[in-house]
Amino acid sequence: MTVGITGLGTYVPDETITGEAIAAESGIPEDVVVEKMGVREKHVCPPDDDHATDMSVTAAERALADADVDPTDLDVVLYHGSEYKDHVVWSAAAAITDRLGATNAYATESYTLCAGAPIALRQVTAQLEAEPIDAALLVAASREEDLVDYGNEDGSFMFNFGSGASAFVVEAADAGSADDEATPFDGRARAVVHASAAETDGSFADDVVMPAGGSKRPPSEETVREGLHTLDVPDPDGMKERLGPVSLPAYLSVADTALERSGFDRDDLDFVALTHMKRSFHERVLGELGLDPGSDGYYLDEYGHVQSVDQALALERGVETDRLEPGDLGCLLAAGTGYTWSATVIRWRG
């Protein structure tokens, strides 16, 4: 059986905030925001529009059109975006499924924060291979920029958070192989999915939190007054000290494992769709993988970090800038607080 991505769609809001404006609001020098943090600008949502489901539906409609798949042909809709969505304790996946008219699909959700895209693709690939279903839709959205307090220097590594959505149509077919030029899907395959890998260091579980709103500290007049409903880093220096030695090895470990499971190694790799991070670390990760950051990846400094949407944005921009071409071996590579690192290898078809 072959599993392929047959449709890809993204959406970002029209409204933007520049790195210059972030610098002015936060007091951080503009060159640090733009060059070090890597945010020339990012897209942000208006308060009363572009909720997680709105953005997901738009991206999904674009992906379905790209795949030439009718919503009624979907067997499952999986939402792997932000937990911060239209309502608290609520199924965005069910709402998206209904709005799309995917009447034959069931809805489910998967949360791995910013590591979500490779893992969601891994989950649905395994499901398509194991169950008598043919088509799935992966959707994600984030507007966690709403939860960023630019006056809180402790949370400055989150100042790159932007808003947007992505969608992948993923289908299974009996014929062909992952590297067969005559791969099925009637020529509709954007990519063929290979193997995945992930690992977690749970010692980072409490390093990034929104202090109030959960069962430990329910929302109240006091928590609102104290500003406890934005993201915070309780011990930024401690987190940085502990994360520094393990992050790069973890990125490389999951990439190498996914490549090995797929029958490849670093020398075969052509393009990496990487989570947005500070520019120097982005370049270091690609360099360690034997790639040229200027041509073998795409740095999302006009989007910032859009949680698990980053990989789809990087793929689209990679294609638009001729960095990702048919036949290239690619890797969706991500990390999310908690801390989980994940990778999924794909063969790009165009």
# chains A, B, ... in the order shown; residues from 1 in each chain; ligands from 1
call {"tool": "residues_around", "arguments": {"residues": "Tyr150 (chain A)", "least_positions_apart": "3", "cutoff": "7 Å", "atoms": "only C-alpha atoms", "output": "list in words"}}
result
Glu25, Ser26 and Phe159 of chain A
call {"tool": "write_last_selection", "arguments": {"atoms": "all heavy atoms", "output": "PDB file, in the first residue's frame"}}
result
ATOM      1  N   GLU A  25       6.834  47.587  20.935  1.00  0.00           N
ATOM      2  CA  GLU A  25       5.932  47.207  22.021  1.00  0.00           C
ATOM      3  C   GLU A  25       6.650  46.479  23.140  1.00  0.00           C
ATOM      4  O   GLU A  25       6.309  46.626  24.315  1.00  0.00           O
ATOM      5  CB  GLU A  25       4.807  46.329  21.472  1.00  0.00           C
ATOM      6  CG  GLU A  25       3.716  46.041  22.481  1.00  0.00           C
ATOM      7  CD  GLU A  25       2.486  45.389  21.873  1.00  0.00           C
ATOM      8  OE1 GLU A  25       2.357  45.395  20.630  1.00  0.00           O
ATOM      9  OE2 GLU A  25       1.654  44.885  22.643  1.00  0.00           O
ATOM     10  N   SER A  26       7.661  45.701  22.795  1.00  0.00           N
ATOM     11  CA  SER A  26       8.336  44.868  23.794  1.00  0.00           C
ATOM     12  C   SER A  26       9.552  45.532  24.418  1.00  0.00           C
ATOM     13  O   SER A  26       9.992  45.132  25.501  1.00  0.00           O
ATOM     14  CB  SER A  26       8.773  43.548  23.156  1.00  0.00           C
ATOM     15  OG  SER A  26       9.773  43.769  22.175  1.00  0.00           O
ATOM     16  N   PHE A 159       7.626  35.490  21.134  1.00  0.00           N
ATOM     17  CA  PHE A 159       7.228  36.691  20.413  1.00  0.00           C
ATOM     18  C   PHE A 159       7.118  36.445  18.907  1.00  0.00           C
ATOM     19  O   PHE A 159       6.596  37.285  18.168  1.00  0.00           O
ATOM     20  CB  PHE A 159       8.210  37.830  20.680  1.00  0.00           C
ATOM     21  CG  PHE A 159       8.132  38.408  22.070  1.00  0.00           C
ATOM     22  CD1 PHE A 159       8.976  39.444  22.452  1.00  0.00           C
ATOM     23  CD2 PHE A 159       7.221  37.933  22.998  1.00  0.00           C
ATOM     24  CE1 PHE A 159       8.910  39.986  23.720  1.00  0.00           C
ATOM     25  CE2 PHE A 159       7.151  38.461  24.284  1.00  0.00           C
ATOM     26  CZ  PHE A 159       8.006  39.489  24.647  1.00  0.00           C
TER      27      PHE A 159
END
call {"tool": "closest_atom_pairs", "arguments": {"of": "region 15-84 of chain A", "to": "region 273-292 of chain A", "cutoff": "10 Å", "atoms": "only C-alpha atoms", "output": "JSON lines"}}
result
{"residue": "A:Val32", "atom": "CA", "partner": "A:Lys278", "partner_atom": "CA", "distance": 9.8}
{"residue": "A:Val33", "atom": "CA", "partner": "A:Lys278", "partner_atom": "CA", "distance": 9.3}
{"residue": "A:Val34", "atom": "CA", "partner": "A:Arg279", "partner_atom": "CA", "distance": 9.3}
{"residue": "A:Glu35", "atom": "CA", "partner": "A:Arg279", "partner_atom": "CA", "distance": 7.0}
{"residue": "A:Lys36", "atom": "CA", "partner": "A:Lys278", "partner_atom": "CA", "distance": 5.6}
{"residue": "A:Met37", "atom": "CA", "partner": "A:Lys278", "partner_atom": "CA", "distance": 4.5}
{"residue": "A:Gly38", "atom": "CA", "partner": "A:Arg279", "partner_atom": "CA", "distance": 5.5}
{"residue": "A:Val39", "atom": "CA", "partner": "A:Lys278", "partner_atom": "CA", "distance": 8.8}
call {"tool": "write_last_selection", "arguments": {"atoms": "N, CA and C atoms", "output": "mmCIF file, in the first residue's frame"}}
result
data_model
loop_
_atom_site.group_PDB
_atom_site.id
_atom_site.type_symbol
_atom_site.label_atom_id
_atom_site.label_comp_id
_atom_site.auth_asym_id
_atom_site.auth_seq_id
_atom_site.Cartn_x
_atom_site.Cartn_y
_atom_site.Cartn_z
ATOM 1 N N VAL A 32 17.263 42.538 16.991
ATOM 2 C CA VAL A 32 17.116 41.260 17.684
ATOM 3 C C VAL A 32 15.841 40.561 17.232
ATOM 4 N N VAL A 33 14.741 41.315 17.144
ATOM 5 C CA VAL A 33 13.469 40.727 16.725
ATOM 6 C C VAL A 33 13.540 40.250 15.282
ATOM 7 N N VAL A 34 14.087 41.073 14.408
ATOM 8 C CA VAL A 34 14.074 40.762 12.975
ATOM 9 C C VAL A 34 15.153 39.751 12.599
ATOM 10 N N GLU A 35 16.371 39.969 13.082
ATOM 11 C CA GLU A 35 17.484 39.127 12.653
ATOM 12 C C GLU A 35 17.670 37.893 13.533
ATOM 13 N N LYS A 36 17.661 38.071 14.850
ATOM 14 C CA LYS A 36 17.897 36.931 15.732
ATOM 15 C C LYS A 36 16.653 36.069 15.877
ATOM 16 N N MET A 37 15.515 36.701 16.239
ATOM 17 C CA MET A 37 14.266 35.944 16.371
ATOM 18 C C MET A 37 13.696 35.552 15.021
ATOM 19 N N GLY A 38 14.058 36.289 13.976
ATOM 20 C CA GLY A 38 13.624 35.937 12.625
ATOM 21 C C GLY A 38 12.192 36.305 12.311
ATOM 22 N N VAL A 39 11.766 37.503 12.726
ATOM 23 C CA VAL A 39 10.391 37.935 12.453
ATOM 24 C C VAL A 39 10.415 39.284 11.730
#
call {"tool": "select_by_dssp", "arguments": {"residues": "region 54-164 of chain A", "states": "strand (DSSP E or B)", "output": "VMD selection string"}}
result
chain A and resid 76 to 79 106 to 109 135 to 142 161 164
call {"tool": "write_last_selection", "arguments": {"atoms": "N, CA, C and O atoms", "output": "short mmCIF file (atom, residue, chain, number, x, y, z; two decimals), in the first residue's frame"}}
result
data_model
loop_
_atom_site.label_atom_id
_atom_site.label_comp_id
_atom_site.auth_asym_id
_atom_site.auth_seq_id
_atom_site.Cartn_x
_atom_site.Cartn_y
_atom_site.Cartn_z
N VAL A 76 -12.07 10.36 7.57
CA VAL A 76 -11.71 10.90 8.87
C VAL A 76 -11.19 12.34 8.69
O VAL A 76 -10.52 12.65 7.71
N VAL A 77 -11.54 13.19 9.65
CA VAL A 77 -10.99 14.54 9.73
C VAL A 77 -10.25 14.65 11.06
O VAL A 77 -10.86 14.47 12.13
N LEU A 78 -8.95 14.91 10.99
CA LEU A 78 -8.13 14.98 12.19
C LEU A 78 -7.61 16.41 12.36
O LEU A 78 -6.90 16.93 11.49
N TYR A 79 -7.96 17.03 13.48
CA TYR A 79 -7.46 18.37 13.81
C TYR A 79 -6.24 18.22 14.71
O TYR A 79 -6.30 17.57 15.76
N TYR A 106 -15.59 10.65 10.33
CA TYR A 106 -15.65 10.91 11.76
C TYR A 106 -14.55 11.90 12.12
O TYR A 106 -13.54 12.01 11.41
N ALA A 107 -14.72 12.62 13.22
CA ALA A 107 -13.80 13.68 13.61
C ALA A 107 -13.01 13.28 14.84
O ALA A 107 -13.55 12.68 15.77
N THR A 108 -11.74 13.64 14.84
CA THR A 108 -10.89 13.37 15.99
C THR A 108 -9.82 14.45 16.09
O THR A 108 -9.61 15.22 15.15
N GLU A 109 -9.15 14.50 17.24
CA GLU A 109 -8.14 15.53 17.47
C GLU A 109 -6.88 14.92 18.04
O GLU A 109 -6.92 13.90 18.74
N ALA A 135 -9.38 7.86 2.65
CA ALA A 135 -9.02 9.28 2.57
C ALA A 135 -9.19 9.96 3.92
O ALA A 135 -10.17 9.75 4.63
N ALA A 136 -8.20 10.80 4.25
CA ALA A 136 -8.22 11.54 5.50
C ALA A 136 -7.88 12.99 5.24
O ALA A 136 -7.21 13.33 4.25
N LEU A 137 -8.33 13.85 6.12
CA LEU A 137 -8.01 15.27 6.06
C LEU A 137 -7.35 15.66 7.37
O LEU A 137 -7.92 15.46 8.45
N LEU A 138 -6.14 16.20 7.28
CA LEU A 138 -5.45 16.75 8.45
C LEU A 138 -5.59 18.26 8.42
O LEU A 138 -5.26 18.89 7.40
N VAL A 139 -6.08 18.85 9.51
CA VAL A 139 -6.24 20.29 9.57
C VAL A 139 -5.60 20.82 10.85
O VAL A 139 -5.63 20.15 11.89
N ALA A 140 -5.05 22.01 10.77
CA ALA A 140 -4.44 22.64 11.93
C ALA A 140 -4.60 24.15 11.83
O ALA A 140 -4.63 24.69 10.72
N ALA A 141 -4.69 24.79 12.96
CA ALA A 141 -4.74 26.25 13.00
C ALA A 141 -4.15 26.74 14.31
O ALA A 141 -4.17 26.01 15.31
N SER A 142 -3.65 27.95 14.29
CA SER A 142 -3.12 28.55 15.51
C SER A 142 -3.33 30.05 15.48
O SER A 142 -3.10 30.71 14.46
N PHE A 161 5.32 34.02 17.63
CA PHE A 161 4.07 33.31 17.36
C PHE A 161 3.19 34.09 16.39
O PHE A 161 2.86 35.26 16.64
N GLY A 164 -2.43 31.31 11.53
CA GLY A 164 -2.69 30.72 10.23
C GLY A 164 -3.21 29.31 10.36
O GLY A 164 -3.48 28.83 11.46
#
call {"tool": "closest_residue", "arguments": {"among": "A:Gln307, A:Thr58, A:Asn152, A:Gln123", "to": "Ile28 (chain A)", "atoms": "only C-alpha atoms"}}
result
A:Asn152
call {"tool": "residues_around", "arguments": {"residues": "Val192 (chain A)", "least_positions_apart": "3", "cutoff": "12 Å", "atoms": "only C-alpha atoms", "output": "PyMOL selection string"}}
result
chain A and resi 1-7+121+125+169-173+176-185+187-189+195+262+326-331+344-350
call {"tool": "closest_residue", "arguments": {"among": "A:Glu316, A:Tyr111, A:Ser82, A:Pro245", "to": "Leu300 (chain A)", "atoms": "only C-alpha atoms"}}
result
A:Glu316
call {"tool": "closest_residue", "arguments": {"among": "A:Ala197, A:Ala205, A:Leu228, A:Ile133", "to": "Thr257 (chain A)", "atoms": "only C-alpha atoms"}}
result
A:Ala197
